[in-house]
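Content type compact mmCIF, C-alpha atoms and all ligand atoms, from the file run16.txt:
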# COMPACT_ATOMS: atom_id res chain seq x y z
CA MET A 1 0.00 0.00 0.00
CA SER A 2 1.22 3.51 -0.71
CA THR A 3 2.46 5.80 2.02
CA THR A 4 1.36 9.42 2.33
CA ASP A 5 4.16 11.70 3.47
CA VAL A 6 2.83 14.29 5.92
CA THR A 7 6.21 15.33 7.33
CA ASP A 8 5.76 18.75 5.74
CA LEU A 9 2.87 19.64 8.05
CA TYR A 10 5.33 21.72 10.12
CA ARG A 11 4.97 24.47 7.48
CA GLU A 12 1.58 25.23 8.95
CA PHE A 13 3.18 25.89 12.36
CA GLY A 14 6.81 26.96 11.98
CA ASP A 15 9.81 27.41 9.70
CA GLU A 16 11.83 24.34 10.64
CA ARG A 17 10.89 20.70 10.55
CA LEU A 18 12.64 20.20 13.91
CA PRO A 19 10.70 22.26 16.47
CA PRO A 20 12.70 24.64 18.71
CA GLY A 21 14.44 23.01 21.67
CA GLN A 22 14.13 19.48 20.23
CA ARG A 23 16.93 17.01 19.37
CA GLU A 24 16.49 14.47 16.61
CA THR A 25 16.90 10.84 17.63
CA SER A 26 16.68 7.60 15.70
CA LYS A 27 15.69 5.71 18.86
CA PHE A 28 12.11 5.36 19.98
CA PRO A 29 12.16 5.91 23.75
CA VAL A 30 9.20 4.74 25.85
CA LEU A 31 7.33 7.12 28.18
CA SER A 32 4.40 5.79 30.19
CA LYS A 33 2.86 6.83 33.47
CA GLY A 34 2.68 3.21 34.64
CA SER A 35 2.98 -0.30 33.35
CA VAL A 36 1.72 -1.76 30.09
CA PRO A 37 -1.96 -2.70 30.50
CA ASP A 38 -3.26 -6.18 29.67
CA TRP A 39 -5.75 -6.64 26.88
CA ASN A 40 -7.15 -9.50 24.88
CA ARG A 41 -8.50 -9.48 21.39
CA GLU A 42 -11.88 -11.04 22.29
CA ASP A 43 -12.87 -8.48 24.95
CA TRP A 44 -11.27 -5.39 23.42
CA GLU A 45 -13.84 -2.72 22.59
CA PHE A 46 -13.44 0.79 21.20
CA THR A 47 -16.22 3.28 21.88
CA VAL A 48 -17.22 6.65 20.44
CA THR A 49 -19.50 8.50 22.86
CA GLY A 50 -20.80 11.94 23.86
CA ALA A 51 -22.12 14.65 21.56
CA VAL A 52 -22.65 12.47 18.48
CA GLU A 53 -25.70 11.43 16.46
CA GLU A 54 -24.91 7.78 17.06
CA GLU A 55 -22.64 6.31 19.72
CA LEU A 56 -20.44 3.58 18.24
CA SER A 57 -18.63 0.53 19.48
CA PHE A 58 -16.12 -1.60 17.59
CA SER A 59 -14.54 -4.97 18.22
CA TRP A 60 -10.89 -5.38 17.26
CA GLU A 61 -11.89 -6.97 13.94
CA GLU A 62 -14.42 -4.23 13.20
CA PHE A 63 -11.98 -1.47 14.02
CA THR A 64 -9.16 -2.84 11.92
CA ASP A 65 -11.59 -3.35 9.01
CA LEU A 66 -12.23 0.39 8.80
CA PRO A 67 -10.61 2.27 5.88
CA ARG A 68 -6.94 2.68 6.72
CA THR A 69 -4.07 4.82 5.60
CA THR A 70 -0.29 4.62 5.97
CA GLN A 71 1.48 7.89 6.67
CA ARG A 72 5.07 9.01 7.17
CA GLN A 73 5.01 11.32 10.16
CA ASP A 74 7.33 12.98 12.67
CA PHE A 75 6.94 12.38 16.41
CA HIS A 76 7.80 15.09 18.95
CA CYS A 77 8.14 14.29 22.66
CA VAL A 78 7.73 17.11 25.15
CA THR A 79 10.86 15.90 26.98
CA GLY A 80 12.97 17.11 24.04
CA TRP A 81 13.40 14.37 21.44
CA SER A 82 11.91 14.12 17.99
CA LYS A 83 11.82 11.06 15.75
CA PHE A 84 11.46 11.71 12.04
CA ASP A 85 9.88 9.49 9.38
CA CYS A 86 7.78 7.14 11.48
CA GLU A 87 5.43 5.07 9.34
CA PHE A 88 2.08 4.57 11.01
CA THR A 89 -0.89 2.63 9.61
CA GLY A 90 -4.35 3.24 10.99
CA VAL A 91 -7.72 4.95 10.85
CA PRO A 92 -7.82 8.75 10.55
CA PHE A 93 -9.86 10.59 13.18
CA PRO A 94 -12.25 12.13 10.59
CA GLU A 95 -13.32 8.64 9.50
CA LEU A 96 -14.65 7.89 13.01
CA ALA A 97 -16.11 11.37 13.43
CA GLU A 98 -18.08 11.02 10.19
CA ARG A 99 -19.42 7.60 11.11
CA ALA A 100 -20.65 8.82 14.50
CA GLY A 101 -21.95 12.16 13.18
CA VAL A 102 -20.52 14.90 15.38
CA ARG A 103 -23.23 17.18 16.78
CA ASP A 104 -22.93 20.96 16.47
CA GLU A 105 -22.49 21.37 20.24
CA ALA A 106 -19.30 19.29 20.25
CA VAL A 107 -16.22 21.48 20.71
CA HIS A 108 -13.70 19.19 22.36
CA VAL A 109 -12.57 15.57 22.54
CA MET A 110 -11.35 13.38 25.40
CA PHE A 111 -9.30 10.27 24.56
CA SER A 112 -9.24 7.46 27.10
CA ALA A 113 -6.98 4.46 27.44
CA LEU A 114 -6.70 1.06 29.11
CA ASP A 115 -4.16 2.32 31.69
CA GLY A 116 -6.51 5.09 32.89
CA TYR A 117 -4.67 7.75 30.89
CA THR A 118 -6.69 10.52 29.32
CA THR A 119 -5.77 13.42 27.05
CA ASN A 120 -7.83 16.17 25.47
CA LEU A 121 -7.84 18.26 22.31
CA PRO A 122 -10.14 20.82 20.74
CA LEU A 123 -12.27 19.24 18.02
CA ALA A 124 -10.52 21.23 15.28
CA ASP A 125 -7.15 19.73 16.32
CA CYS A 126 -8.64 16.23 16.00
CA THR A 127 -10.45 16.48 12.66
CA ARG A 128 -7.22 16.19 10.68
CA GLU A 129 -6.18 13.29 8.48
CA GLU A 130 -2.86 13.05 10.38
CA VAL A 131 -4.54 12.21 13.68
CA LEU A 132 -4.39 8.43 13.37
CA PHE A 133 -5.59 5.53 15.49
CA THR A 134 -2.70 3.27 14.64
CA TRP A 135 -1.83 -0.40 15.18
CA GLU A 136 1.20 -0.65 12.88
CA PHE A 137 4.55 1.10 13.11
CA ASP A 138 7.16 0.74 10.34
CA GLY A 139 5.33 -2.29 8.95
CA GLU A 140 5.11 -4.23 12.23
CA SER A 141 2.37 -4.56 14.82
CA LEU A 142 2.66 -1.69 17.26
CA ALA A 143 4.72 -2.87 20.26
CA PRO A 144 2.86 -3.06 23.60
CA GLU A 145 5.17 -0.50 25.26
CA HIS A 146 4.41 1.98 22.46
CA GLY A 147 0.67 1.58 22.92
CA GLY A 148 -0.25 -1.64 21.15
CA PRO A 149 -2.80 -2.78 20.27
CA LEU A 150 -3.97 0.74 19.37
CA ARG A 151 -2.67 4.26 19.99
CA VAL A 152 -3.23 7.77 18.74
CA VAL A 153 -0.53 9.81 17.02
CA THR A 154 -0.69 13.60 16.83
CA PRO A 155 2.24 14.83 14.69
CA HIS A 156 1.11 18.47 15.02
CA LYS A 157 1.29 18.26 18.85
CA TYR A 158 3.66 16.92 21.50
CA ALA A 159 3.21 13.19 21.78
CA TYR A 160 1.42 13.21 25.16
CA LYS A 161 -1.64 14.25 23.13
CA GLY A 162 -1.54 10.78 21.59
CA ALA A 163 -3.05 8.21 23.94
CA LYS A 164 -1.37 4.80 23.91
CA TRP A 165 -3.70 1.80 24.49
CA VAL A 166 -6.58 4.03 23.43
CA ASP A 167 -10.03 2.47 23.83
CA GLY A 168 -12.41 5.37 23.39
CA ILE A 169 -13.14 8.94 22.46
CA GLU A 170 -15.80 11.17 23.92
CA PHE A 171 -17.07 14.30 22.17
CA LEU A 172 -17.54 17.07 24.73
CA THR A 173 -19.60 20.26 24.73
CA GLU A 174 -17.10 21.98 27.07
CA PRO A 175 -13.29 21.68 27.18
CA GLU A 176 -11.88 19.39 29.86
CA ARG A 177 -8.32 18.43 30.80
CA GLY A 178 -6.71 15.04 30.61
CA PHE A 179 -4.08 13.33 32.79
CA TRP A 180 -1.00 15.46 32.02
CA GLU A 181 -2.99 18.58 31.19
CA LYS A 182 -4.20 18.56 34.84
CA ARG A 183 -0.63 18.07 36.06
CA GLY A 184 1.18 20.98 34.48
CA TYR A 185 1.76 20.06 30.86
CA SER A 186 0.45 22.54 28.31
CA ASN A 187 -3.17 22.16 27.31
CA THR A 188 -2.32 23.30 23.77
CA ALA A 189 1.04 21.51 23.22
CA ASP A 190 2.17 23.17 19.95
CA PRO A 191 5.81 22.04 19.47
CA TRP A 192 6.72 24.94 17.15
CA ASN A 193 5.57 27.40 19.78
CA GLU A 194 7.26 25.37 22.56
CA GLU A 195 4.05 25.02 24.51
CA ARG A 196 5.45 22.47 26.99
CA TYR A 197 4.08 23.56 30.35
CA SER A 198 1.06 25.52 31.50
N1 LIG B 201 -2.23 5.58 27.70
C1 LIG B 201 -1.12 6.33 27.75
N2 LIG B 201 -0.79 7.07 26.69
C2 LIG B 201 0.31 7.84 26.71
C3 LIG B 201 1.12 7.92 27.88
C4 LIG B 201 0.74 7.13 29.00
O1 LIG B 201 1.38 7.12 30.05
N3 LIG B 201 -0.40 6.35 28.89
N4 LIG B 201 2.22 8.74 27.88
C5 LIG B 201 2.21 9.85 26.91
C6 LIG B 201 3.48 10.50 26.83
S1 LIG B 201 3.87 11.58 28.09
C7 LIG B 201 4.27 10.40 25.71
S2 LIG B 201 5.67 11.34 25.51
C8 LIG B 201 3.98 9.42 24.65
C9 LIG B 201 5.16 8.47 24.55
O2 LIG B 201 4.97 7.53 23.55
P1 LIG B 201 6.09 6.40 23.39
O3 LIG B 201 6.22 5.70 24.73
O4 LIG B 201 5.59 5.51 22.31
O5 LIG B 201 7.38 7.10 23.03
O6 LIG B 201 2.81 8.67 24.92
C10 LIG B 201 1.77 9.40 25.53
N5 LIG B 201 0.62 8.57 25.61
MO MO B 202 5.76 12.81 27.32
Could you rewrite the structure in this file as structure tokens?
Amino acid sequence: MSTTDVTDLYREFGDERLPPGQRETSKFPVLSKGSVPDWNREDWEFTVTGAVEEELSFSWEEFTDLPRTTQRQDFHCVTGWSKFDCEFTGVPFPELAERAGVRDEAVHVMFSALDGYTTNLPLADCTREEVLFTWEFDGESLAPEHGGPLRVVTPHKYAYKGAKWVDGIEFLTEPERGFWEKRGYSNTADPWNEERYS
């Protein structure tokens, strides 16, 4: 399958591909608030809830049967490293939003995960083709420590906006803060504006 290169999205936000204060690394460090959660394929369920026309729920088979894309993206960690040219395969956020039918009152989204992690973004920062629910990295199943079976990637934001082990999204009518956003990390998290802390 062909790969869409979205590594030029930085032009929307800044002059340089490497955001200010970041170092490029070829490694893929792991950052998690706790241990890797257990899951099994039979019980796994992904839900779309909140301010939508129709709440949705997907089994693992149903989710991975949705239309997928493979994209080459950059990954920026708030702790100062960036990894270029990551290939992620998955379902773009707008695909799920269209299926559920986002109501006019929805302004914000909360992502939740199997380890209890949450993270939030304004709706407009989610309805982008580059916001992927991904289960494949560089042609292999996404490793458990990097969020397998399913994680979110947000190449236009620091990576804490991408929930590993994601199992649901809720459309909200008021902004709310997720795990790190309540604990001092920036709510907006624009790497090119160095929005690291709030
Ligand atoms: N569910 C969950 N998602 C998470 C985290 C977490 O602890 N739990 N950590 C976040 C943080 S702070 C970062 S920097 C990235 C790290 O992703 P990586 O471990 O694949 O490098 O995942 C984000 N997503
Ligand atoms: Mo992080």
| Between A:Ser35, A:Thr49, A:Thr64, A:Thr79, which has the minimum distance to A:Glu145 (counting all atoms listed in the file)? | A:Ser35
Could you list, as an mmCIF file with C-alpha atoms, keeping the file's coordinate frame, all protein and nucleic acid residues with an atom at most 12 Å from ligand MO 202 (chain B), counting all atoms listed in the file?
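Output below, filename part.cif:
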data_model
loop_
_atom_site.group_PDB
_atom_site.id
_atom_site.type_symbol
_atom_site.label_atom_id
_atom_site.label_comp_id
_atom_site.auth_asym_id
_atom_site.auth_seq_id
_atom_site.Cartn_x
_atom_site.Cartn_y
_atom_site.Cartn_z
ATOM 1 C CA PRO A 29 12.160 5.910 23.750
ATOM 2 C CA VAL A 30 9.200 4.740 25.850
ATOM 3 C CA LEU A 31 7.330 7.120 28.180
ATOM 4 C CA SER A 32 4.400 5.790 30.190
ATOM 5 C CA LYS A 33 2.860 6.830 33.470
ATOM 6 C CA PHE A 75 6.940 12.380 16.410
ATOM 7 C CA HIS A 76 7.800 15.090 18.950
ATOM 8 C CA CYS A 77 8.140 14.290 22.660
ATOM 9 C CA VAL A 78 7.730 17.110 25.150
ATOM 10 C CA THR A 79 10.860 15.900 26.980
ATOM 11 C CA GLY A 80 12.970 17.110 24.040
ATOM 12 C CA TRP A 81 13.400 14.370 21.440
ATOM 13 C CA SER A 82 11.910 14.120 17.990
ATOM 14 C CA THR A 119 -5.770 13.420 27.050
ATOM 15 C CA HIS A 146 4.410 1.980 22.460
ATOM 16 C CA LYS A 157 1.290 18.260 18.850
ATOM 17 C CA TYR A 158 3.660 16.920 21.500
ATOM 18 C CA ALA A 159 3.210 13.190 21.780
ATOM 19 C CA TYR A 160 1.420 13.210 25.160
ATOM 20 C CA LYS A 161 -1.640 14.250 23.130
ATOM 21 C CA GLY A 162 -1.540 10.780 21.590
ATOM 22 C CA ALA A 163 -3.050 8.210 23.940
ATOM 23 C CA LYS A 164 -1.370 4.800 23.910
ATOM 24 C CA PHE A 179 -4.080 13.330 32.790
ATOM 25 C CA TRP A 180 -1.000 15.460 32.020
ATOM 26 C CA GLU A 181 -2.990 18.580 31.190
ATOM 27 C CA GLY A 184 1.180 20.980 34.480
ATOM 28 C CA TYR A 185 1.760 20.060 30.860
ATOM 29 C CA SER A 186 0.450 22.540 28.310
ATOM 30 C CA ALA A 189 1.040 21.510 23.220
ATOM 31 C CA ARG A 196 5.450 22.470 26.990
ATOM 32 C CA TYR A 197 4.080 23.560 30.350
#
Centre and edge lengths of an axis-aligned box around all listed atoms of ligand LIG 201 (chain B), with 6 Å added on each side, are to be given in Å to one decimal, as JSON.
{"center_x": 2.6, "center_y": 8.5, "center_z": 26.2, "size_x": 21.6, "size_y": 18.1, "size_z": 19.7}
| said: For a quick check of understanding, using all atoms listed in the file, which of A:Asp190, A:Glu54, A:Glu61, A:Glu45 has the smallest distance to A:Val166? | reply: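 Comparing A:Asp190, A:Glu54, A:Glu61, A:Glu45 against A:Val166, the winner is A:Glu45.
Between atom CA of A:Asp85 and atom CA of A:Asp167 lies a distance of 25.6 Å.
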| field | For A:Phe13: contacts at 10 Å, all atoms listed in the file, fewer than 3 positions along chain excluded, given as JSON, numbers by chain | value | {"A": [9, 10, 16, 17, 19, 156, 190, 191, 192, 193]}
| field | Distance query A:Glu53 at most 10 Å, only C-alpha atoms, self and fewer than 5 positions along chain excluded, as a ChimeraX atom specification | value | /A:98-104
| task | Measuring atom to atom with only C-alpha atoms and all ligand atoms, identify which of A:Val91, A:Leu132, A:Leu121, A:Val36 is nearest to ligand LIG 201 (chain B). | result |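 Result for the nearest residue to ligand LIG 201 (chain B): A:Val36.
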| said: Just checking: using only C-alpha atoms and all ligand atoms, which residue out of A:Arg128, A:Arg23, A:Arg151, A:Arg11 ends up closest to ligand LIG 201 (chain B)? | reply: A:Arg151
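The coordinates place atom CA of A:Thr70 at 17.2 Å from atom CA of A:Gly147.
Nearest-residue note for ligand LIG 201 (chain B): choosing from A:Asp38, A:Glu95, A:Asp125, A:Glu105, the minimum distance belongs to A:Asp38, counting only C-alpha atoms and all ligand atoms.
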| Which value, in Å to one decimal, gives the distance between atom O1 of ligand LIG 201 (chain B) and atom CA of A:Leu142? |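 Those two atoms sit 15.6 Å apart.
Using only C-alpha atoms, the smallest distance between any of A:Phe28, A:Trp60, A:Pro20, A:Ala97 and A:Glu42 comes from A:Trp60.
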Is it possible to add N, CA, C and O atoms to stretch 119-140 of chain A and hand it back as a CSV table (one decimal), keeping the file's coordinate frame?
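The result, stored in result.csv:
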chain,number,residue,atom,x,y,z
A,119,THR,N,-6.3,12.2,27.6
A,119,THR,CA,-5.8,13.4,27.0
A,119,THR,C,-6.8,14.1,26.2
A,119,THR,O,-7.8,13.4,25.7
A,120,ASN,N,-6.8,15.4,26.1
A,120,ASN,CA,-7.8,16.2,25.5
A,120,ASN,C,-7.3,17.1,24.4
A,120,ASN,O,-6.1,17.5,24.4
A,121,LEU,N,-8.2,17.3,23.4
A,121,LEU,CA,-7.8,18.3,22.3
A,121,LEU,C,-9.1,18.9,21.8
A,121,LEU,O,-10.2,18.3,21.8
A,122,PRO,N,-9.0,20.2,21.4
A,122,PRO,CA,-10.1,20.8,20.7
A,122,PRO,C,-10.5,20.0,19.5
A,122,PRO,O,-9.6,19.4,18.8
A,123,LEU,N,-11.8,20.0,19.2
A,123,LEU,CA,-12.3,19.2,18.0
A,123,LEU,C,-11.5,19.6,16.7
A,123,LEU,O,-11.1,18.7,16.0
A,124,ALA,N,-11.2,20.8,16.5
A,124,ALA,CA,-10.5,21.2,15.3
A,124,ALA,C,-9.1,20.6,15.2
A,124,ALA,O,-8.6,20.5,14.1
A,125,ASP,N,-8.5,20.4,16.3
A,125,ASP,CA,-7.2,19.7,16.3
A,125,ASP,C,-7.2,18.2,16.1
A,125,ASP,O,-6.2,17.6,15.9
A,126,CYS,N,-8.5,17.7,16.2
A,126,CYS,CA,-8.6,16.2,16.0
A,126,CYS,C,-9.1,15.9,14.6
A,126,CYS,O,-8.7,14.9,14.0
A,127,THR,N,-9.9,16.8,14.0
A,127,THR,CA,-10.4,16.5,12.7
A,127,THR,C,-9.4,16.8,11.6
A,127,THR,O,-9.6,17.7,10.7
A,128,ARG,N,-8.3,16.1,11.7
A,128,ARG,CA,-7.2,16.2,10.7
A,128,ARG,C,-6.9,14.8,10.3
A,128,ARG,O,-6.8,13.9,11.1
A,129,GLU,N,-6.5,14.6,9.0
A,129,GLU,CA,-6.2,13.3,8.5
A,129,GLU,C,-5.0,12.7,9.2
A,129,GLU,O,-4.8,11.5,9.2
A,130,GLU,N,-4.1,13.6,9.8
A,130,GLU,CA,-2.9,13.0,10.4
A,130,GLU,C,-3.1,12.5,11.8
A,130,GLU,O,-2.2,11.9,12.4
A,131,VAL,N,-4.3,12.8,12.4
A,131,VAL,CA,-4.5,12.2,13.7
A,131,VAL,C,-5.0,10.8,13.4
A,131,VAL,O,-6.2,10.5,13.0
A,132,LEU,N,-4.1,9.8,13.7
A,132,LEU,CA,-4.4,8.4,13.4
A,132,LEU,C,-4.6,7.6,14.6
A,132,LEU,O,-3.9,7.8,15.6
A,133,PHE,N,-5.5,6.6,14.5
A,133,PHE,CA,-5.6,5.5,15.5
A,133,PHE,C,-4.8,4.4,14.9
A,133,PHE,O,-5.3,3.8,13.9
A,134,THR,N,-3.6,4.1,15.4
A,134,THR,CA,-2.7,3.3,14.6
A,134,THR,C,-2.4,2.0,15.4
A,134,THR,O,-2.3,2.0,16.6
A,135,TRP,N,-2.2,0.9,14.6
A,135,TRP,CA,-1.8,-0.4,15.2
A,135,TRP,C,-0.6,-1.0,14.5
A,135,TRP,O,-0.2,-2.1,14.8
A,136,GLU,N,0.0,-0.2,13.6
A,136,GLU,CA,1.2,-0.6,12.9
A,136,GLU,C,2.2,0.5,12.8
A,136,GLU,O,1.9,1.6,12.4
A,137,PHE,N,3.5,0.1,13.2
A,137,PHE,CA,4.6,1.1,13.1
A,137,PHE,C,5.7,0.5,12.3
A,137,PHE,O,6.1,-0.6,12.6
A,138,ASP,N,6.1,1.2,11.2
A,138,ASP,CA,7.2,0.7,10.3
A,138,ASP,C,6.9,-0.7,9.9
A,138,ASP,O,7.8,-1.5,9.9
A,139,GLY,N,5.7,-1.0,9.5
A,139,GLY,CA,5.3,-2.3,9.0
A,139,GLY,C,5.1,-3.4,9.9
A,139,GLY,O,4.8,-4.6,9.5
A,140,GLU,N,5.3,-3.2,11.2
A,140,GLU,CA,5.1,-4.2,12.2
A,140,GLU,C,4.0,-3.8,13.2
A,140,GLU,O,3.7,-2.7,13.3
